[in-house]
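For reference, target04.txt (compact mmCIF, C-alpha atoms):
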# COMPACT_ATOMS: atom_id res chain seq x y z
CA MET V 1 -6.04 -40.00 -49.67
CA ARG V 2 -4.27 -36.77 -50.56
CA ILE V 3 -7.27 -34.76 -49.46
CA ILE V 4 -7.94 -36.72 -46.27
CA ILE V 5 -4.83 -35.61 -44.40
CA PRO V 6 -5.40 -31.84 -44.82
CA ALA V 7 -9.07 -32.33 -44.06
CA PHE V 8 -8.19 -34.21 -40.90
CA ALA V 9 -5.69 -31.54 -39.92
CA ALA V 10 -8.30 -28.84 -40.46
CA MET V 11 -10.78 -30.73 -38.29
CA LEU V 12 -8.19 -31.08 -35.56
CA LEU V 13 -7.47 -27.36 -35.69
CA TRP V 14 -11.17 -26.55 -35.55
CA SER V 15 -11.77 -28.70 -32.53
CA ALA V 16 -8.73 -27.17 -30.80
CA CYS V 17 -10.30 -23.75 -30.95
CA SER V 18 -11.75 -22.70 -27.62
CA PHE V 19 -14.82 -20.99 -29.10
CA ASN V 20 -15.91 -24.37 -30.33
CA LYS V 21 -15.97 -25.79 -26.80
CA ASN V 22 -19.50 -26.43 -25.68
CA ASP V 23 -18.95 -27.94 -22.25
CA GLN V 24 -19.58 -25.18 -19.65
CA LYS V 25 -17.03 -24.78 -16.88
CA ARG V 26 -18.47 -25.62 -13.46
CA LEU V 27 -17.07 -24.80 -10.06
CA PRO V 28 -16.36 -27.66 -7.66
CA ILE V 29 -18.42 -28.15 -4.49
CA TYR V 30 -16.37 -28.24 -1.28
CA GLY V 31 -16.94 -29.61 2.21
CA ASN V 32 -18.27 -32.90 3.51
CA ARG V 33 -20.83 -34.84 1.55
CA GLU V 34 -22.91 -37.90 2.18
CA ALA V 35 -25.11 -40.18 0.16
CA VAL V 36 -28.70 -40.17 1.38
CA THR V 37 -31.13 -42.88 0.29
CA LYS V 38 -34.82 -42.14 0.52
CA THR V 39 -38.07 -43.35 -0.94
CA LEU V 40 -39.68 -41.03 -3.43
CA ASN V 41 -42.99 -41.98 -5.11
CA GLY V 42 -42.42 -45.61 -4.25
CA LYS V 43 -38.91 -45.64 -5.76
CA THR V 44 -35.65 -45.75 -3.82
CA VAL V 45 -33.48 -42.77 -4.75
CA THR V 46 -29.92 -42.08 -3.65
CA ASP V 47 -28.85 -38.46 -3.58
CA THR V 48 -25.69 -36.63 -2.58
CA VAL V 49 -26.16 -34.16 0.25
CA TYR V 50 -23.51 -31.46 0.42
CA GLN V 51 -22.26 -29.47 3.38
CA THR V 52 -24.16 -26.20 3.67
CA ILE V 53 -23.82 -23.07 5.80
CA PRO V 54 -26.05 -23.51 8.88
CA LYS V 55 -28.56 -20.96 10.24
CA PHE V 56 -27.17 -17.78 11.75
CA GLU V 57 -28.37 -14.45 13.08
CA TYR V 58 -26.31 -11.26 13.15
CA VAL V 59 -26.71 -7.49 13.13
CA ASN V 60 -25.25 -5.48 10.24
CA GLN V 61 -23.67 -2.00 10.16
CA TYR V 62 -27.11 -0.39 9.86
CA GLY V 63 -28.36 -2.16 13.00
CA LYS V 64 -30.59 -4.49 10.96
CA THR V 65 -30.92 -8.18 11.72
CA ILE V 66 -29.32 -10.40 9.09
CA THR V 67 -29.95 -14.13 9.02
CA ASN V 68 -29.18 -16.95 6.60
CA LYS V 69 -32.62 -16.17 5.10
CA SER V 70 -31.43 -12.68 4.11
CA LEU V 71 -29.06 -14.43 1.68
CA ASP V 72 -31.76 -16.48 -0.07
CA GLY V 73 -31.42 -15.96 -3.79
CA SER V 74 -27.92 -14.49 -3.52
CA ILE V 75 -24.49 -15.77 -4.26
CA TYR V 76 -22.20 -14.41 -1.57
CA VAL V 77 -18.62 -14.06 -0.41
CA ALA V 78 -17.79 -14.33 3.31
CA ASP V 79 -14.74 -13.39 5.31
CA PHE V 80 -13.78 -12.91 8.96
CA PHE V 81 -12.12 -9.73 10.20
CA PHE V 82 -12.01 -7.10 12.95
CA THR V 83 -11.81 -3.35 12.48
CA SER V 84 -8.76 -2.86 14.70
CA CYS V 85 -6.83 -5.61 12.92
CA PRO V 86 -3.28 -4.41 12.30
CA SER V 87 -2.05 -7.30 10.17
CA ILE V 88 -3.89 -8.76 7.18
CA CYS V 89 -7.34 -7.13 7.27
CA PRO V 90 -6.42 -3.89 5.46
CA ILE V 91 -5.03 -5.78 2.48
CA MET V 92 -8.00 -8.19 2.55
CA HIS V 93 -10.49 -5.38 2.37
CA ARG V 94 -8.45 -3.47 -0.20
CA ASN V 95 -8.86 -6.58 -2.37
CA MET V 96 -12.50 -7.10 -1.33
CA LEU V 97 -13.22 -3.57 -2.58
CA ASN V 98 -12.43 -4.91 -6.08
CA VAL V 99 -15.15 -7.55 -5.62
CA TYR V 100 -17.54 -4.90 -4.25
CA ASN V 101 -16.95 -2.51 -7.14
CA GLU V 102 -17.48 -5.32 -9.65
CA PHE V 103 -20.86 -6.41 -8.26
CA LYS V 104 -22.30 -3.42 -6.35
CA ASN V 105 -24.68 -2.59 -9.19
CA GLY V 106 -26.98 -5.60 -9.08
CA GLY V 107 -26.20 -9.17 -9.98
CA ASN V 108 -27.42 -10.69 -6.70
CA VAL V 109 -23.96 -10.92 -5.23
CA LYS V 110 -23.39 -10.00 -1.59
CA ILE V 111 -20.39 -9.72 0.68
CA LEU V 112 -20.49 -10.69 4.37
CA SER V 113 -17.69 -9.71 6.72
CA TYR V 114 -18.12 -11.28 10.15
CA SER V 115 -16.38 -9.42 12.97
CA ILE V 116 -14.51 -11.76 15.29
CA ASP V 117 -14.15 -8.99 17.89
CA PRO V 118 -17.78 -8.05 18.67
CA SER V 119 -16.98 -6.39 22.02
CA HIS V 120 -15.04 -3.68 20.18
CA ASP V 121 -16.84 -3.77 16.83
CA SER V 122 -20.23 -2.37 17.79
CA VAL V 123 -22.78 -1.40 15.14
CA ALA V 124 -21.54 2.21 15.35
CA VAL V 125 -17.91 1.14 14.91
CA LEU V 126 -18.86 -1.03 11.93
CA LYS V 127 -20.83 1.83 10.37
CA THR V 128 -17.88 4.22 10.70
CA TYR V 129 -15.60 1.58 9.21
CA ALA V 130 -18.00 1.07 6.28
CA ASP V 131 -18.24 4.81 5.67
CA LYS V 132 -14.48 5.22 5.69
CA LEU V 133 -14.07 2.23 3.40
CA GLY V 134 -16.45 4.00 1.06
CA ILE V 135 -19.12 1.29 0.95
CA ALA V 136 -22.85 2.00 0.96
CA GLY V 137 -26.10 0.20 0.22
CA ASP V 138 -26.79 -3.47 0.84
CA THR V 139 -24.09 -5.20 -1.17
CA TRP V 140 -21.53 -5.49 1.62
CA TRP V 141 -22.67 -6.20 5.17
CA LEU V 142 -20.37 -6.00 8.18
CA LEU V 143 -21.78 -8.30 10.84
CA GLN V 144 -21.69 -8.33 14.60
CA GLY V 145 -22.83 -11.31 16.68
CA LYS V 146 -21.88 -13.60 19.54
CA LYS V 147 -18.21 -14.43 19.53
CA GLU V 148 -18.57 -18.16 20.23
CA GLU V 149 -21.16 -18.52 17.48
CA THR V 150 -18.91 -16.73 15.02
CA TYR V 151 -16.03 -19.07 15.85
CA LYS V 152 -18.32 -22.05 15.33
CA LEU V 153 -19.76 -20.61 12.13
CA ALA V 154 -16.22 -20.03 10.81
CA GLU V 155 -15.68 -23.77 10.97
CA SER V 156 -18.59 -24.43 8.63
CA TYR V 157 -17.02 -21.93 6.23
CA LEU V 158 -13.82 -24.02 6.58
CA VAL V 159 -12.01 -20.98 8.02
CA ALA V 160 -9.84 -21.06 11.13
CA VAL V 161 -10.36 -18.33 13.73
CA LYS V 162 -9.15 -18.18 17.30
CA GLU V 163 -8.09 -15.80 20.02
CA ASP V 164 -4.41 -15.54 20.81
CA LYS V 165 -2.98 -12.90 23.10
CA GLY V 166 0.42 -13.43 21.50
CA ALA V 167 -0.72 -12.58 17.98
CA GLU V 168 -0.74 -9.06 16.56
CA GLY V 169 -4.08 -7.52 17.51
CA GLY V 170 -4.99 -10.49 19.74
CA TYR V 171 -6.47 -12.88 17.17
CA VAL V 172 -5.18 -15.40 14.70
CA HIS V 173 -7.30 -15.79 11.64
CA SER V 174 -6.77 -16.85 8.09
CA GLY V 175 -7.47 -14.29 5.42
CA TYR V 176 -9.68 -16.49 3.27
CA PHE V 177 -12.62 -15.37 1.15
CA VAL V 178 -15.25 -18.10 0.85
CA LEU V 179 -17.64 -18.27 -2.10
CA ILE V 180 -21.14 -19.57 -1.28
CA ASP V 181 -23.79 -20.43 -3.87
CA LYS V 182 -27.56 -19.98 -3.68
CA GLN V 183 -27.91 -23.48 -2.23
CA LYS V 184 -25.53 -22.35 0.61
CA ARG V 185 -22.80 -24.69 -0.56
CA ILE V 186 -19.08 -23.79 -0.58
CA ARG V 187 -17.86 -23.29 -4.14
CA GLY V 188 -14.42 -21.83 -3.59
CA THR V 189 -11.88 -20.47 -1.10
CA TYR V 190 -9.43 -17.71 -2.02
CA ASN V 191 -6.51 -16.12 -0.21
CA GLY V 192 -7.85 -12.61 0.42
CA THR V 193 -4.38 -11.13 0.81
CA ASP V 194 -3.45 -12.13 -2.76
CA GLU V 195 -4.75 -9.81 -5.47
CA LYS V 196 -4.45 -12.52 -8.14
CA GLU V 197 -6.56 -15.00 -6.19
CA VAL V 198 -9.18 -12.31 -5.64
CA SER V 199 -9.28 -11.69 -9.42
CA LYS V 200 -9.93 -15.41 -9.79
CA LEU V 201 -12.75 -15.09 -7.26
CA ILE V 202 -14.37 -12.41 -9.43
CA THR V 203 -14.09 -14.67 -12.50
CA ASP V 204 -15.50 -17.62 -10.52
CA ILE V 205 -18.49 -15.56 -9.33
CA LYS V 206 -19.30 -14.84 -12.98
CA THR V 207 -18.95 -18.54 -13.83
CA LEU V 208 -21.27 -19.37 -10.95
CA GLN V 209 -23.79 -16.73 -12.04
CA ALA V 210 -23.89 -18.39 -15.47
CA ASP V 211 -24.42 -21.86 -13.98
CA PRO V 212 -27.99 -22.95 -14.86
CA GLU V 213 -28.31 -24.55 -11.42
CA GLN V 214 -28.05 -21.05 -9.88
CA SER V 215 -31.06 -19.71 -11.75
CA ILE V 216 -33.28 -21.88 -9.54
CA VAL V 217 -33.90 -19.83 -6.43
CA GLN V 218 -34.34 -22.08 -3.46
CA MET W 219 54.66 21.45 -18.98
CA ARG W 220 52.95 23.77 -16.50
CA TYR W 221 49.86 23.37 -18.60
CA PHE W 222 50.03 19.63 -18.18
CA VAL W 223 50.27 19.85 -14.38
CA VAL W 224 47.23 22.10 -14.21
CA ILE W 225 45.20 19.71 -16.30
CA ALA W 226 46.34 16.71 -14.24
CA LEU W 227 45.40 18.51 -11.03
CA LEU W 228 42.03 19.45 -12.41
CA LEU W 229 41.39 15.89 -13.49
CA THR W 230 42.38 14.54 -10.09
CA GLY W 231 40.06 17.02 -8.46
CA LEU W 232 37.20 16.02 -10.71
CA CYS W 233 37.84 12.34 -10.04
CA ALA W 234 37.83 12.93 -6.30
CA LEU W 235 34.59 14.88 -6.54
CA TYR W 236 33.00 12.19 -8.68
CA ALA W 237 34.11 9.40 -6.36
CA CYS W 238 32.69 11.30 -3.42
CA GLN W 239 29.33 11.76 -5.09
CA ASN W 240 29.37 8.15 -6.06
CA GLU W 241 29.97 7.15 -2.44
CA GLN W 242 26.89 9.16 -1.38
CA GLU W 243 24.84 7.64 -4.12
CA ILE W 244 25.84 4.13 -3.09
CA GLU W 245 24.96 4.96 0.49
CA PHE W 246 21.55 6.20 -0.64
CA LYS W 247 20.93 3.07 -2.72
CA ARG W 248 21.93 0.89 0.21
CA TYR W 249 19.35 2.58 2.45
CA PHE W 250 16.70 2.64 -0.27
CA SER W 251 16.85 -1.04 -1.19
CA ALA W 252 17.03 -2.19 2.43
CA GLY W 253 14.10 0.14 3.15
CA GLN W 254 12.09 -1.34 0.32
CA LEU W 255 12.36 -4.77 1.93
CA VAL W 256 11.32 -3.39 5.33
CA TYR W 257 8.38 -1.64 3.67
CA GLN W 258 7.20 -4.78 1.89
CA THR W 259 7.29 -6.91 5.01
CA ARG W 260 6.13 -4.40 7.62
CA CYS W 261 4.15 -1.56 6.01
CA GLN W 262 2.68 -2.69 2.71
CA ASN W 263 -0.31 -4.66 4.08
CA CYS W 264 -1.85 -1.45 5.35
CA HIS W 265 -0.33 1.32 3.24
CA GLY W 266 -0.41 -0.61 -0.05
CA ASN W 267 2.22 -1.58 -2.61
CA GLU W 268 2.06 1.88 -4.14
CA GLY W 269 1.73 3.74 -0.86
CA GLN W 270 -1.90 4.41 -1.76
CA GLY W 271 -3.35 3.70 1.70
CA LEU W 272 -6.90 2.36 2.04
CA ALA W 273 -9.85 4.64 1.31
CA ALA W 274 -10.42 6.98 4.28
CA LEU W 275 -9.17 4.36 6.76
CA ILE W 276 -5.43 4.33 6.16
CA PRO W 277 -3.59 7.40 4.83
CA PRO W 278 -1.52 7.29 1.64
CA LEU W 279 2.21 8.01 1.89
CA ASN W 280 2.49 10.26 -1.16
CA ASP W 281 1.91 13.63 0.54
CA ALA W 282 5.44 15.03 0.23
CA GLU W 283 4.37 18.22 1.98
CA PHE W 284 3.27 16.32 5.07
CA LEU W 285 6.52 14.34 5.04
CA ARG W 286 8.57 17.57 4.81
CA ASN W 287 6.59 19.43 7.46
CA ASN W 288 6.80 16.56 9.95
CA HIS W 289 10.19 15.31 8.89
CA SER W 290 11.86 14.98 12.29
CA GLN W 291 8.71 13.34 13.71
CA LEU W 292 8.45 10.50 11.15
CA VAL W 293 10.88 8.30 13.04
CA CYS W 294 8.87 8.91 16.24
CA TYR W 295 5.65 7.77 14.55
CA LEU W 296 7.39 4.51 13.67
CA GLN W 297 8.93 4.12 17.11
CA ASN W 298 5.85 4.97 19.21
CA GLY W 299 2.92 4.49 16.86
CA LEU W 300 0.53 7.25 15.85
CA LYS W 301 -2.91 8.14 17.18
CA GLY W 302 -5.16 11.12 16.69
CA ASP W 303 -5.99 13.35 13.76
CA ILE W 304 -3.55 13.91 10.94
CA ILE W 305 -4.24 15.78 7.72
CA ILE W 306 -3.02 14.20 4.48
CA HIS W 307 -3.88 15.83 1.15
CA ASN W 308 -6.55 17.94 2.92
CA SER W 309 -8.33 14.87 4.37
CA THR W 310 -8.36 13.99 8.04
CA TYR W 311 -7.36 10.49 9.15
CA ASN W 312 -7.81 9.39 12.73
CA GLY W 313 -6.91 5.71 12.74
CA HIS W 314 -4.37 4.13 15.04
CA MET W 315 -1.01 2.97 13.73
CA PRO W 316 0.67 0.58 16.15
CA ALA W 317 4.33 1.00 17.14
CA SER W 318 6.45 -0.66 14.47
CA GLY W 319 9.01 -2.42 16.63
CA LEU W 320 11.67 -1.54 14.02
CA SER W 321 15.28 -0.85 15.02
CA PRO W 322 16.68 2.69 14.44
CA ILE W 323 18.60 1.59 11.34
CA GLU W 324 15.48 -0.05 9.91
CA THR W 325 13.43 3.09 10.53
CA ALA W 326 16.09 5.17 8.73
CA GLN W 327 16.03 2.72 5.81
CA VAL W 328 12.27 2.62 5.48
CA ILE W 329 11.95 6.42 5.78
CA THR W 330 14.55 6.78 3.00
CA TYR W 331 12.50 4.37 0.90
CA VAL W 332 9.14 6.07 1.53
CA GLN W 333 10.37 9.63 1.07
CA ASN W 334 11.84 8.69 -2.32
CA SER W 335 8.97 6.55 -3.61
CA PHE W 336 5.35 7.12 -4.63
CA GLY W 337 6.34 10.43 -6.25
CA ASN W 338 8.25 11.74 -3.19
CA GLN W 339 11.82 12.99 -3.70
CA ILE W 340 13.31 14.01 -0.39
CA GLY W 341 16.66 12.18 -0.41
CA LEU W 342 18.62 10.19 2.16
CA TYR W 343 17.60 9.87 5.81
CA ASP W 344 20.47 8.19 7.59
CA LEU W 345 20.99 6.49 10.94
CA LYS W 346 22.70 9.55 12.45
CA GLN W 347 19.70 11.72 11.71
CA ALA W 348 17.31 9.02 12.97
CA GLU W 349 19.18 8.74 16.28
CA ALA W 350 19.22 12.52 16.71
CA ASP W 351 15.49 12.78 15.93
CA LEU W 352 14.62 9.87 18.21
CA LYS W 353 16.08 11.78 21.16
CA LYS W 354 13.66 14.63 20.48
CA CYS W 355 10.48 12.51 20.29
CA LYS W 356 7.60 13.96 22.23

Mind turning the file's structure into structure tokens?
Amino acid sequence: MRIIIPAFAAMLLWSACSFNKNDQKRLPIYGNREAVTKTLNGKTVTDTVYQTIPKFEYVNQYGKTITNKSLDGSIYVADFFFTSCPSICPIMHRNMLNVYNEFKNGGNVKILSYSIDPSHDSVAVLKTYADKLGIAGDTWWLLQGKKEETYKLAESYLVAVKEDKGAEGGYVHSGYFVLIDKQKRIRGTYNGTDEKEVSKLITDIKTLQADPEQSIVQ
Amino acid sequence: MRYFVVIALLLTGLCALYACQNEQEIEFKRYFSAGQLVYQTRCQNCHGNEGQGLAALIPPLNDAEFLRNNHSQLVCYLQNGLKGDIIIHNSTYNGHMPASGLSPIETAQVITYVQNSFGNQIGLYDLKQAEADLKKCK
């Protein structure tokens, strides 16, 4: 009996240690979901279908066409901005630069910034903005497309965007960064104006990269 | 006895001088701390919490030489916005800063804050000076 109590205490201590934890942390999956029942090889199977980012087609700062297919095999972060934005965009992209610098050297992580003001943000304007921001290569794409489609697409990223003549710069938009996995599902939303939340985004990207489910390229 | 009077007078003089300096210092601190609040709510998103700016898009605020050379114009930049080329630390910036919509006292406060933060040490910029400079805006 005398030996059991210390032994038990030692076991408790051991199990409390975090290095001994073998259950991997997984990120939640956001958005709508539905149960789909189908017949597979004569058996009835019920599966959960998650909300995914629909098809899109844009032009990036190099004038190249970027579609949802361009993101196949990549984890990516999306946000909505405009280059003449006087309010929250500068701080968003100051924080996004931290994400860029962390993942610019490989790792299959991309950043997509959709312009919500395509009439002003031409390819040339986006290129100048990218140069001044100090970004190069194909890690961070600044995208120009049809305004209505961008507004609709924002909804599937669970981000609110709209035009408002009363707002500073003429648009209201939330400064959220949205994390998308290789299956095009939403795995996290982060306030892009908050440096701490953006640090969490960087940690979450690494968690997602380590998720075995992400090693299957779809 | 005469000795005592001289010392008393000297002491009074010193006290008066000290009180006066103290008054100025309090005035400076009043402007500085009010300016810090204005900066955080109205300037920091673009210019950064350490006045570092943003890459080549938004200029940093730590070029004391620029601040000194354009001192009477600073309040005008805040009042009317700023467009066109400016040179900060030997780099050209050509973005567009919108008009701030700040009141004259707020501009004086925030200029006092900026010109005594981020490594700058230029001292107080008070409302009187701001009002005088505003009249001379181009």

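For the atom pair formed by atom CA of W:Thr259 and atom CA of W:Glu324, the distance is 11.8 Å, given to one decimal.
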
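Using only C-alpha atoms, the smallest distance between any of V:Ala130, V:Ala160, V:Val49, V:Leu40 and chain W comes from V:Ala130.
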
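Pairwise distance (atom CA of W:Gln333, atom CA of W:Gly313) equals 21.2 Å.
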
Distance-based interface of chain V with chain W, 7 Å, counting only C-alpha atoms, as a count of residues only: 8

Between atom CA of V:Asp181 and atom CA of V:Leu27, distance in Å (one decimal): 10.1 Å

Provide an axis-aligned box for all listed atoms of stretch 332-340 of chain W, padding each side by 8 Å; report its centre and its edge lengths in Å to one decimal, as JSON.
{"center_x": 9.3, "center_y": 10.0, "center_z": -2.4, "size_x": 24.0, "size_y": 23.9, "size_z": 23.8}

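Once stretch 232-247 of chain W and its same-chain neighbours fewer than 3 positions away are set aside, Leu227, Leu228, Leu229, Phe250, Ser251, Ala252, Thr330, Gly341, Leu342, Tyr343 and Asp344 of chain W remain within 9 Å of it when counting all atoms listed in the file.
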
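Non-sequential neighbours of W:Asn298 (distance at most 6 Å, separation of 3 or more positions within a chain, only C-alpha atoms) are Cys294, Tyr295 and Ala317 of chain W.
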
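Of the listed residues W:Leu345, W:Val256, W:Leu285, W:Ala350, the one whose atoms come nearest to W:Gly319 is W:Val256, with distances taken using all atoms listed in the file.
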